[in-house]
>>> print(open('run.tsv').read())   # TSV, C-alpha atoms
chain	number	residue	atom	x	y	z
E	1	MET	CA	-7.57	-8.64	-6.59
E	2	THR	CA	-10.18	-5.87	-6.24
E	3	ARG	CA	-9.80	-5.83	-2.45
E	4	LEU	CA	-6.02	-5.54	-2.73
E	5	ALA	CA	-6.35	-2.67	-5.21
E	6	THR	CA	-8.79	-0.66	-3.09
E	7	ALA	CA	-7.39	-1.34	0.40
E	8	ARG	CA	-6.34	1.71	2.44
E	9	SER	CA	-4.39	-0.02	5.22
E	10	PHE	CA	-1.99	-2.97	5.29
E	11	LEU	CA	-1.16	-4.10	8.84
E	12	PHE	CA	2.01	-6.10	9.48
E	13	VAL	CA	1.98	-8.96	11.98
E	14	PRO	CA	5.05	-11.17	12.62
E	15	ALA	CA	4.69	-14.68	11.23
E	16	ASP	CA	6.20	-16.14	14.40
E	17	ARG	CA	3.57	-14.53	16.63
E	18	PRO	CA	0.41	-16.48	15.69
E	19	GLU	CA	-1.32	-15.33	18.87
E	20	ARG	CA	-1.48	-11.87	17.26
E	21	PHE	CA	-3.19	-12.99	14.04
E	22	ALA	CA	-6.74	-12.74	15.38
E	23	LYS	CA	-6.07	-9.31	16.86
E	24	ALA	CA	-4.70	-8.12	13.53
E	25	HIS	CA	-7.82	-9.33	11.70
E	26	ALA	CA	-10.00	-7.61	14.30
E	27	SER	CA	-8.09	-4.30	14.09
E	28	GLY	CA	-10.14	-2.87	11.23
E	29	ALA	CA	-7.22	-3.06	8.81
E	30	ASP	CA	-8.26	-3.65	5.23
E	31	ILE	CA	-5.45	-6.18	4.69
E	32	VAL	CA	-3.31	-8.16	7.15
E	33	VAL	CA	0.29	-8.75	6.04
E	34	VAL	CA	1.95	-11.71	7.74
E	35	ASP	CA	5.65	-10.91	7.76
E	36	LEU	CA	8.35	-13.52	7.25
E	37	GLU	CA	11.04	-10.91	6.63
E	38	ASP	CA	12.18	-8.13	8.98
E	39	ALA	CA	9.89	-9.04	11.87
E	40	VAL	CA	11.26	-12.60	12.16
E	41	ALA	CA	14.75	-13.46	13.41
E	42	PRO	CA	16.85	-15.68	11.10
E	43	ALA	CA	16.67	-18.71	13.41
E	44	ALA	CA	12.87	-18.48	13.51
E	45	LYS	CA	12.16	-18.05	9.81
E	46	VAL	CA	11.76	-21.72	8.84
E	47	PRO	CA	9.52	-22.70	11.77
E	48	ALA	CA	7.53	-19.48	11.27
E	49	ARG	CA	6.88	-20.37	7.62
E	50	GLU	CA	5.88	-23.92	8.50
E	51	ALA	CA	3.55	-22.73	11.25
E	52	LEU	CA	1.99	-20.13	8.96
E	53	ALA	CA	1.29	-22.75	6.31
E	54	GLN	CA	-0.73	-24.69	8.88
E	55	ARG	CA	-2.72	-21.64	9.99
E	56	LEU	CA	-3.77	-20.19	6.63
E	57	ASP	CA	-7.52	-19.55	6.59
E	58	PRO	CA	-9.32	-19.20	3.23
E	59	GLY	CA	-12.04	-17.28	5.05
E	60	ARG	CA	-9.53	-14.63	6.16
E	61	PRO	CA	-6.92	-14.34	3.39
E	62	VAL	CA	-3.67	-12.52	4.10
E	63	VAL	CA	-0.78	-11.04	2.18
E	64	VAL	CA	2.51	-12.77	3.01
E	65	ARG	CA	5.71	-10.72	2.94
E	66	VAL	CA	8.37	-13.20	1.93
E	67	ASN	CA	12.10	-12.89	2.42
E	68	ALA	CA	13.95	-10.95	-0.24
E	69	PRO	CA	15.34	-12.51	-3.43
E	70	GLY	CA	18.83	-13.87	-2.88
E	71	THR	CA	18.24	-14.87	0.73
E	72	GLU	CA	18.38	-18.50	1.77
E	73	TRP	CA	14.67	-18.53	2.67
E	74	HIS	CA	13.25	-16.88	-0.45
E	75	ASP	CA	12.58	-19.90	-2.67
E	76	ALA	CA	10.84	-21.87	0.06
E	77	ASP	CA	8.75	-18.82	0.99
E	78	LEU	CA	7.44	-18.69	-2.58
E	79	THR	CA	5.78	-22.08	-2.11
E	80	LEU	CA	3.12	-20.34	0.02
E	81	ALA	CA	1.83	-18.50	-3.05
E	82	GLY	CA	-1.45	-19.76	-4.39
E	83	ARG	CA	-2.42	-21.61	-1.23
E	84	PRO	CA	-5.93	-21.02	0.04
E	85	GLY	CA	-5.71	-18.13	2.46
E	86	VAL	CA	-2.89	-16.29	0.65
E	87	ALA	CA	-4.23	-13.31	-1.28
E	88	ALA	CA	-0.83	-12.16	-2.57
E	89	LEU	CA	2.88	-12.06	-1.85
E	90	MET	CA	4.68	-8.87	-0.87
E	91	LEU	CA	8.18	-8.93	-2.35
E	92	PRO	CA	10.69	-6.84	-0.37
E	93	LYS	CA	13.82	-5.32	-1.91
E	94	ALA	CA	12.18	-5.63	-5.34
E	95	GLU	CA	14.72	-4.64	-7.98
E	96	ARG	CA	14.16	-6.79	-11.09
E	97	ALA	CA	11.14	-7.83	-13.11
E	98	ASP	CA	12.64	-11.34	-13.25
E	99	ASP	CA	12.29	-11.65	-9.47
E	100	ILE	CA	8.62	-10.74	-9.73
E	101	ALA	CA	8.12	-13.24	-12.54
E	102	ARG	CA	9.22	-16.02	-10.18
E	103	CYS	CA	6.42	-15.19	-7.74
E	104	PRO	CA	3.28	-17.21	-8.52
E	105	GLY	CA	0.03	-15.30	-8.20
E	106	PRO	CA	-0.58	-11.63	-7.34
E	107	VAL	CA	2.47	-9.64	-6.20
E	108	ILE	CA	3.03	-6.37	-4.35
E	109	PRO	CA	6.65	-5.34	-5.03
E	110	GLN	CA	8.07	-3.34	-2.14
E	111	VAL	CA	10.52	-0.81	-3.55
E	112	GLU	CA	13.12	0.07	-0.92
E	113	THR	CA	16.50	0.34	-2.65
E	114	ALA	CA	18.10	2.69	-5.13
E	115	ARG	CA	18.17	-0.11	-7.72
E	116	GLY	CA	14.47	-0.71	-7.19
E	117	MET	CA	13.65	2.97	-7.68
E	118	ALA	CA	15.74	3.02	-10.87
E	119	ALA	CA	13.72	0.03	-12.18
E	120	LEU	CA	10.26	1.37	-11.25
E	121	GLU	CA	8.85	1.23	-14.77
E	122	GLN	CA	9.88	-2.40	-15.24
E	123	LEU	CA	8.59	-3.41	-11.81
E	124	ALA	CA	5.24	-1.71	-12.32
E	125	ALA	CA	4.79	-3.29	-15.75
E	126	ALA	CA	5.62	-6.83	-14.63
E	127	PRO	CA	2.82	-9.43	-14.89
E	128	ARG	CA	0.58	-10.04	-11.86
E	129	VAL	CA	1.65	-6.87	-10.03
E	130	VAL	CA	-1.33	-5.47	-8.13
E	131	ARG	CA	0.24	-2.26	-6.83
E	132	LEU	CA	3.59	-0.95	-5.65
E	133	ALA	CA	4.62	-0.37	-2.03
E	134	LEU	CA	7.27	2.08	-0.84
E	135	GLY	CA	9.76	0.93	1.79
E	136	THR	CA	10.71	4.29	3.22
E	137	LEU	CA	13.03	3.15	6.02
E	138	ASP	CA	15.23	0.88	3.90
E	139	LEU	CA	15.25	3.28	0.96
E	140	ALA	CA	16.33	6.14	3.22
E	141	LEU	CA	19.11	3.97	4.62
E	142	ASP	CA	20.28	2.97	1.14
E	143	LEU	CA	20.31	6.57	-0.10
E	144	GLY	CA	21.61	8.15	3.09
E	145	ILE	CA	18.66	10.54	3.45
E	146	PRO	CA	16.02	11.09	6.18
E	147	ALA	CA	13.06	8.74	6.06
E	148	GLU	CA	10.72	11.49	7.26
E	149	GLY	CA	10.00	14.98	6.00
E	150	THR	CA	10.38	16.10	2.39
E	151	ALA	CA	13.41	14.01	1.38
E	152	MET	CA	11.23	11.09	0.28
E	153	ASP	CA	8.74	13.16	-1.74
E	154	LEU	CA	10.62	12.91	-5.02
E	155	PHE	CA	10.43	9.12	-4.84
E	156	ARG	CA	6.75	9.19	-3.92
E	157	ALA	CA	6.04	11.23	-7.05
E	158	GLN	CA	8.05	8.81	-9.19
E	159	MET	CA	6.19	5.83	-7.77
E	160	THR	CA	2.79	7.41	-8.39
E	161	LEU	CA	3.77	8.20	-11.97
E	162	ALA	CA	5.03	4.66	-12.66
E	163	SER	CA	1.87	3.18	-11.15
E	164	ARG	CA	-0.38	5.38	-13.27
E	165	VAL	CA	1.50	4.63	-16.50
E	166	ALA	CA	1.26	0.89	-15.79
E	167	GLY	CA	-2.44	1.09	-14.96
E	168	LEU	CA	-1.97	0.00	-11.35
E	169	ALA	CA	-3.92	1.06	-8.28
E	170	PRO	CA	-2.38	3.99	-6.35
E	171	PRO	CA	0.75	2.88	-4.48
E	172	ILE	CA	1.11	2.05	-0.78
E	173	ASP	CA	3.19	4.39	1.37
E	174	GLY	CA	5.71	3.24	3.96
E	175	VAL	CA	5.29	3.08	7.71
E	176	THR	CA	5.13	5.73	10.40
E	177	THR	CA	7.34	4.47	13.23
E	178	SER	CA	5.32	6.22	15.96
E	179	PHE	CA	2.15	4.47	17.09
E	180	ASP	CA	1.48	6.05	20.51
E	181	ASP	CA	0.78	9.46	18.96
E	182	GLU	CA	-1.92	9.60	16.28
E	183	ALA	CA	-0.90	13.03	14.95
E	184	PRO	CA	2.20	11.86	13.00
E	185	VAL	CA	0.23	8.96	11.52
E	186	GLU	CA	-2.48	11.31	10.25
E	187	SER	CA	-0.05	13.93	8.93
E	188	ASP	CA	2.09	11.31	7.17
E	189	THR	CA	-1.05	9.85	5.60
E	190	ARG	CA	-2.17	13.24	4.31
E	191	ARG	CA	1.28	13.76	2.80
E	192	ALA	CA	1.03	10.38	1.06
E	193	LEU	CA	-2.41	11.28	-0.29
E	194	ALA	CA	-1.08	14.57	-1.62
E	195	PHE	CA	1.43	12.61	-3.69
E	196	GLY	CA	-1.19	10.26	-5.14
E	197	PHE	CA	-0.82	7.31	-2.78
E	198	GLY	CA	-3.89	5.34	-1.82
E	199	ALA	CA	-2.82	3.24	1.18
E	200	ARG	CA	-0.36	2.97	4.07
E	201	LEU	CA	1.70	0.19	5.58
E	202	CYS	CA	0.99	0.00	9.33
E	203	ILE	CA	3.00	-1.55	12.15
E	204	HIS	CA	0.42	-1.39	14.96
E	205	PRO	CA	-3.38	-1.69	15.23
E	206	ARG	CA	-3.49	1.80	16.78
E	207	GLN	CA	-2.47	3.24	13.42
E	208	ILE	CA	-5.48	1.95	11.50
E	209	GLY	CA	-7.98	4.51	12.79
E	210	PRO	CA	-5.75	7.55	12.11
E	211	VAL	CA	-4.92	6.26	8.62
E	212	HIS	CA	-8.56	5.77	7.70
E	213	ARG	CA	-9.60	9.14	9.17
E	214	ALA	CA	-6.89	10.98	7.26
E	215	MET	CA	-7.93	9.31	4.02
E	216	ARG	CA	-11.55	10.34	4.35
E	217	PRO	CA	-12.27	13.72	2.71
E	218	SER	CA	-13.38	16.48	5.05
E	219	ASP	CA	-17.03	17.49	5.28
E	220	GLU	CA	-16.17	20.69	3.39
E	221	GLU	CA	-14.51	18.73	0.58
E	222	LEU	CA	-17.48	16.38	0.31
E	223	ALA	CA	-19.95	19.28	0.24
E	224	TRP	CA	-17.92	20.93	-2.55
E	225	ALA	CA	-17.78	17.64	-4.47
E	226	ARG	CA	-21.56	17.16	-4.22
E	227	ASP	CA	-22.16	20.70	-5.48
E	228	VAL	CA	-19.80	20.16	-8.42
E	229	VAL	CA	-21.35	16.85	-9.45
E	230	ASP	CA	-24.92	18.17	-9.05
E	231	LEU	CA	-24.10	21.21	-11.19
E	232	ALA	CA	-22.38	19.14	-13.86
E	233	ASP	CA	-25.31	16.72	-14.03
E	234	ARG	CA	-27.78	19.60	-14.39
E	235	GLU	CA	-25.87	21.66	-16.92
E	236	ALA	CA	-24.41	18.84	-19.05
E	237	ARG	CA	-21.90	21.26	-20.64
E	238	GLY	CA	-18.14	21.17	-21.02
E	239	ALA	CA	-17.41	23.95	-18.54
E	240	VAL	CA	-19.73	25.67	-16.07
E	241	ASN	CA	-19.48	28.32	-13.34
E	242	LEU	CA	-19.74	27.38	-9.67
E	243	ARG	CA	-19.69	30.49	-7.48
E	244	GLY	CA	-17.09	32.19	-9.65
E	245	THR	CA	-14.95	29.10	-10.21
E	246	MET	CA	-14.69	27.22	-13.51
E	247	VAL	CA	-15.84	23.61	-13.37
E	248	ASP	CA	-14.70	21.53	-16.35
E	249	PRO	CA	-14.52	17.72	-16.86
E	250	PRO	CA	-11.26	17.17	-14.87
E	251	VAL	CA	-12.74	19.07	-11.92
E	252	VAL	CA	-15.92	17.01	-12.12
E	253	GLU	CA	-13.93	13.78	-12.19
E	254	ARG	CA	-11.93	14.90	-9.14
E	255	ALA	CA	-15.21	15.58	-7.34
E	256	ARG	CA	-16.54	12.14	-8.21
E	257	ARG	CA	-13.36	10.52	-6.87
E	258	LEU	CA	-13.64	12.49	-3.64
E	259	LEU	CA	-17.21	11.27	-3.20
E	260	ALA	CA	-16.09	7.70	-3.84
E	261	ARG	CA	-13.39	8.04	-1.17
E	262	GLY	CA	-15.93	9.48	1.25
>>> encode(input="run.tsv", output="structure tokens")
Amino acid sequence: MTRLATARSFLFVPADRPERFAKAHASGADIVVVDLEDAVAPAAKVPAREALAQRLDPGRPVVVRVNAPGTEWHDADLTLAGRPGVAALMLPKAERADDIARCPGPVIPQVETARGMAALEQLAAAPRVVRLALGTLDLALDLGIPAEGTAMDLFRAQMTLASRVAGLAPPIDGVTTSFDDEAPVESDTRRALAFGFGARLCIHPRQIGPVHRAMRPSDEELAWARDVVDLADREARGAVNLRGTMVDPPVVERARRLLARG
């Protein structure tokens, strides 16, 4: 559970491409997500699930993204939960707390519909939820808005707020579709961080490095954070002056969090 809550990167790998599993584990991603949903064609879903069940490795646990509630494969996919080698289920098209309740073990609801966004508080408060994930592409399609740029920012803010109120780890942002160019991956990750997200969904191993780099505070930020914490520890007062800037307890806590991220 702790590893799921602190992970920065979740790398998808198709369940019907087992030859890619080792590469995904070697990519540097914090968590590998074996996908039974969008990445697998309907005719391949059953054999992909059966093959995955045979390849689960307790030494290298994965998250399994199951097919959405209401699909013909969903109930059978849920039988993978709790098996050695399955750290959690990712539930796509999450819209109801009842659907989460049917998932044994830890769950990462992926919110990617208007109904899911409207039910954020209930989803975040459901038992066994580790953290929320944003499905930007499907949500944009459902709402008729762009998946990139500022259109999604309102929903990022809502997801961060619901996660905080429910006591969850910071949510996981959706994918960047480009993987040949690192710049969009880094800029999208910085945008997610600015809205309180703590991780990204990734579709290619090349995205892991840019995601992790963007999440690391800059040298200037770390130097500022060290100065703030050192001053607060020395002065032990409610508010102190650091080069003409007020430093009070919320500022000190922000500095400590930056150092932890670094």
>>> residues_around(input="run.tsv", residues="Ala125 (chain E)", least_positions_apart="6", cutoff="10 Å", atoms="all atoms listed in the file", output="list in words")
Ala97, Ala162, Ser163, Val165, Ala166, Gly167 and Leu168 of chain E
>>> write_last_selection(input="run.tsv", atoms="C-alpha atoms", output="mmCIF file, in the coordinates of the input")
data_model
loop_
_atom_site.group_PDB
_atom_site.id
_atom_site.type_symbol
_atom_site.label_atom_id
_atom_site.label_comp_id
_atom_site.auth_asym_id
_atom_site.auth_seq_id
_atom_site.Cartn_x
_atom_site.Cartn_y
_atom_site.Cartn_z
ATOM 1 C CA ALA E 97 11.140 -7.830 -13.110
ATOM 2 C CA ALA E 162 5.030 4.660 -12.660
ATOM 3 C CA SER E 163 1.870 3.180 -11.150
ATOM 4 C CA VAL E 165 1.500 4.630 -16.500
ATOM 5 C CA ALA E 166 1.260 0.890 -15.790
ATOM 6 C CA GLY E 167 -2.440 1.090 -14.960
ATOM 7 C CA LEU E 168 -1.970 0.000 -11.350
#
>>> residues_around(input="run.tsv", residues="region 140-149 of chain E", least_positions_apart="3", cutoff="10 Å", atoms="all atoms listed in the file", output="PyMOL selection string")
chain E and resi 112-115+135-137+152-153+174-177+188+191
>>> closest_residue(input="run.tsv", among="E:Pro92, E:Gly116, E:Pro61, E:Gly262", to="Ile31 (chain E)", atoms="only C-alpha atoms")
E:Pro61
>>> atom_distance(input="run.tsv", atom1="CA of Asp180 (chain E)", atom2="CA of Pro205 (chain E)")
10.6 Å
>>> atom_distance(input="run.tsv", atom1="CA of Arg254 (chain E)", atom2="CA of Ala214 (chain E)")
17.6 Å
>>> closest_residue(input="run.tsv", among="E:Leu201, E:Ala39, E:Ala194, E:Ala24", to="Gln110 (chain E)", atoms="only C-alpha atoms")
E:Leu201
>>> atom_distance(input="run.tsv", atom1="CA of Pro170 (chain E)", atom2="CA of Asp30 (chain E)")
15.1 Å
>>> closest_residue(input="run.tsv", among="E:Ala255, E:Cys103, E:Leu120, E:Val13", to="Ala68 (chain E)", atoms="only C-alpha atoms")
E:Cys103
>>> residues_around(input="run.tsv", residues="region 77-90 of chain E", least_positions_apart="2", cutoff="8 Å", atoms="all atoms listed in the file", output="number ranges by chain")
E: 1, 49, 53, 56-67, 73-75, 92, 103-110
>>> closest_residue(input="run.tsv", among="E:Pro210, E:Pro249, E:Pro14, E:Gly196", to="Ala51 (chain E)", atoms="all atoms listed in the file")
E:Pro14
>>> closest_residue(input="run.tsv", among="E:Gln122, E:Glu182, E:Val247, E:Glu72", to="Pro42 (chain E)", atoms="all atoms listed in the file")
E:Glu72
>>> closest_residue(input="run.tsv", among="E:Leu123, E:Ala232, E:Ile208, E:Ala225", to="Arg261 (chain E)", atoms="all atoms listed in the file")
E:Ala225
